[in-house]
Amino acid sequence: MTTHMQQSETLLTPSEVAALFRVDPKTVTRWAKAGKISSIRTLGGHRRYRESEVRTLLGDVPQPRVTGD
């Protein structure tokens, strides 16, 4: 991937990813350390996650069932 393509892709914070998966932000960090999701480090050392990868992974997660009354 070229530098230009990386710059144009939307990056998400651990909190944003955690909200999508309904988990704690520390869980997202653990996933990154375990290699389950790739992360990019900012110059300040913070993790960022590619939105496209997160959306792909989110599609693989079973959604909770909604039951009718």
# chains A, B, ... in the order shown; residues from 1 in each chain; ligands from 1
call {"tool": "residues_around", "arguments": {"residues": "Lys36 of chain A", "least_positions_apart": "6", "cutoff": "12 Å", "atoms": "only C-alpha atoms", "output": "VMD selection string"}}
result
chain A and resid 27 to 30 49 53 to 54 57
call {"tool": "write_last_selection", "arguments": {"atoms": "C-alpha atoms", "output": "JSON list (two decimals), in the first residue's frame"}}
result
[["chain", "number", "residue", "atom", "x", "y", "z"],
["A", 27, "THR", "CA", -10.08, -5.59, 24.89],
["A", 28, "VAL", "CA", -9.40, -4.02, 21.49],
["A", 29, "THR", "CA", -5.81, -3.35, 22.57],
["A", 30, "ARG", "CA", -5.45, -6.98, 23.66],
["A", 49, "TYR", "CA", -7.31, 0.79, 13.42],
["A", 53, "GLU", "CA", -10.65, -3.98, 8.42],
["A", 54, "VAL", "CA", -12.88, -3.30, 11.42],
["A", 57, "LEU", "CA", -14.39, -8.17, 11.08]]
call {"tool": "residues_around", "arguments": {"residues": "Glu51 of chain A", "least_positions_apart": "6", "cutoff": "10 Å", "atoms": "only C-alpha atoms", "output": "NGL selection string"}}
result
:A and (9-13 or 16-17 or 57)
call {"tool": "write_last_selection", "arguments": {"atoms": "C-alpha atoms", "output": "tab-separated table (two decimals), in the first residue's frame"}}
result
chain	number	residue	atom	x	y	z
A	9	GLU	CA	-8.09	5.62	4.75
A	10	THR	CA	-10.21	6.36	7.81
A	11	LEU	CA	-8.59	5.32	11.08
A	12	LEU	CA	-10.52	4.56	14.25
A	13	THR	CA	-9.50	4.95	17.88
A	16	GLU	CA	-14.53	3.79	18.49
A	17	VAL	CA	-13.70	0.16	17.68
A	57	LEU	CA	-14.39	-8.17	11.08
call {"tool": "closest_residue", "arguments": {"among": "A:Lys26, A:Ser39, A:Phe21, A:Pro14", "to": "Arg55 of chain A", "atoms": "only C-alpha atoms"}}
result
A:Phe21
call {"tool": "residues_around", "arguments": {"residues": "Ser15 of chain A", "least_positions_apart": "4", "cutoff": "8 Å", "atoms": "only C-alpha atoms", "output": "number ranges by chain"}}
result
A: 19, 24-25
call {"tool": "atom_distance", "arguments": {"atom1": "atom CA of Thr56 of chain A", "atom2": "atom CA of Ser38 of chain A"}}
result
12.3 Å
call {"tool": "select_by_dssp", "arguments": {"residues": "segment 3-61 of chain A", "states": "strand (DSSP E)", "output": "number ranges by chain"}}
result
A: 11-12, 40-41, 47-50
call {"tool": "residues_around", "arguments": {"residues": "Ile40 of chain A", "least_positions_apart": "3", "cutoff": "10 Å", "atoms": "only C-alpha atoms", "output": "PyMOL selection string"}}
result
chain A and resi 11-12+32+43+45-50
call {"tool": "write_last_selection", "arguments": {"atoms": "N, CA and C atoms", "output": "PDB file, in the first residue's frame"}}
result
ATOM      1  N   LEU A  11      -9.133   6.058   9.940  1.00  0.00           N
ATOM      2  CA  LEU A  11      -8.594   5.321  11.075  1.00  0.00           C
ATOM      3  C   LEU A  11      -9.488   5.548  12.288  1.00  0.00           C
ATOM      4  N   LEU A  12      -9.667   4.498  13.071  1.00  0.00           N
ATOM      5  CA  LEU A  12     -10.517   4.563  14.255  1.00  0.00           C
ATOM      6  C   LEU A  12      -9.687   4.429  15.523  1.00  0.00           C
ATOM      7  N   ALA A  32      -5.230  -6.467  19.402  1.00  0.00           N
ATOM      8  CA  ALA A  32      -4.122  -5.992  18.561  1.00  0.00           C
ATOM      9  C   ALA A  32      -2.805  -6.652  18.978  1.00  0.00           C
ATOM     10  N   LEU A  43       2.482   8.878  15.817  1.00  0.00           N
ATOM     11  CA  LEU A  43       3.783   9.370  16.274  1.00  0.00           C
ATOM     12  C   LEU A  43       3.847   9.432  17.798  1.00  0.00           C
ATOM     13  N   GLY A  45       2.504   7.223  19.720  1.00  0.00           N
ATOM     14  CA  GLY A  45       2.462   5.867  20.248  1.00  0.00           C
ATOM     15  C   GLY A  45       1.065   5.298  20.457  1.00  0.00           C
ATOM     16  N   HIS A  46       0.041   6.040  20.043  1.00  0.00           N
ATOM     17  CA  HIS A  46      -1.335   5.565  20.197  1.00  0.00           C
ATOM     18  C   HIS A  46      -1.702   4.624  19.059  1.00  0.00           C
ATOM     19  N   ARG A  47      -2.579   3.683  19.330  1.00  0.00           N
ATOM     20  CA  ARG A  47      -3.025   2.740  18.303  1.00  0.00           C
ATOM     21  C   ARG A  47      -4.213   3.310  17.537  1.00  0.00           C
ATOM     22  N   ARG A  48      -4.222   3.026  16.236  1.00  0.00           N
ATOM     23  CA  ARG A  48      -5.351   3.355  15.373  1.00  0.00           C
ATOM     24  C   ARG A  48      -5.631   2.143  14.517  1.00  0.00           C
ATOM     25  N   TYR A  49      -6.886   1.974  14.148  1.00  0.00           N
ATOM     26  CA  TYR A  49      -7.314   0.787  13.419  1.00  0.00           C
ATOM     27  C   TYR A  49      -7.989   1.200  12.113  1.00  0.00           C
ATOM     28  N   ARG A  50      -7.708   0.453  11.047  1.00  0.00           N
ATOM     29  CA  ARG A  50      -8.299   0.743   9.740  1.00  0.00           C
ATOM     30  C   ARG A  50      -9.786   0.432   9.778  1.00  0.00           C
TER      31      ARG A  50
END
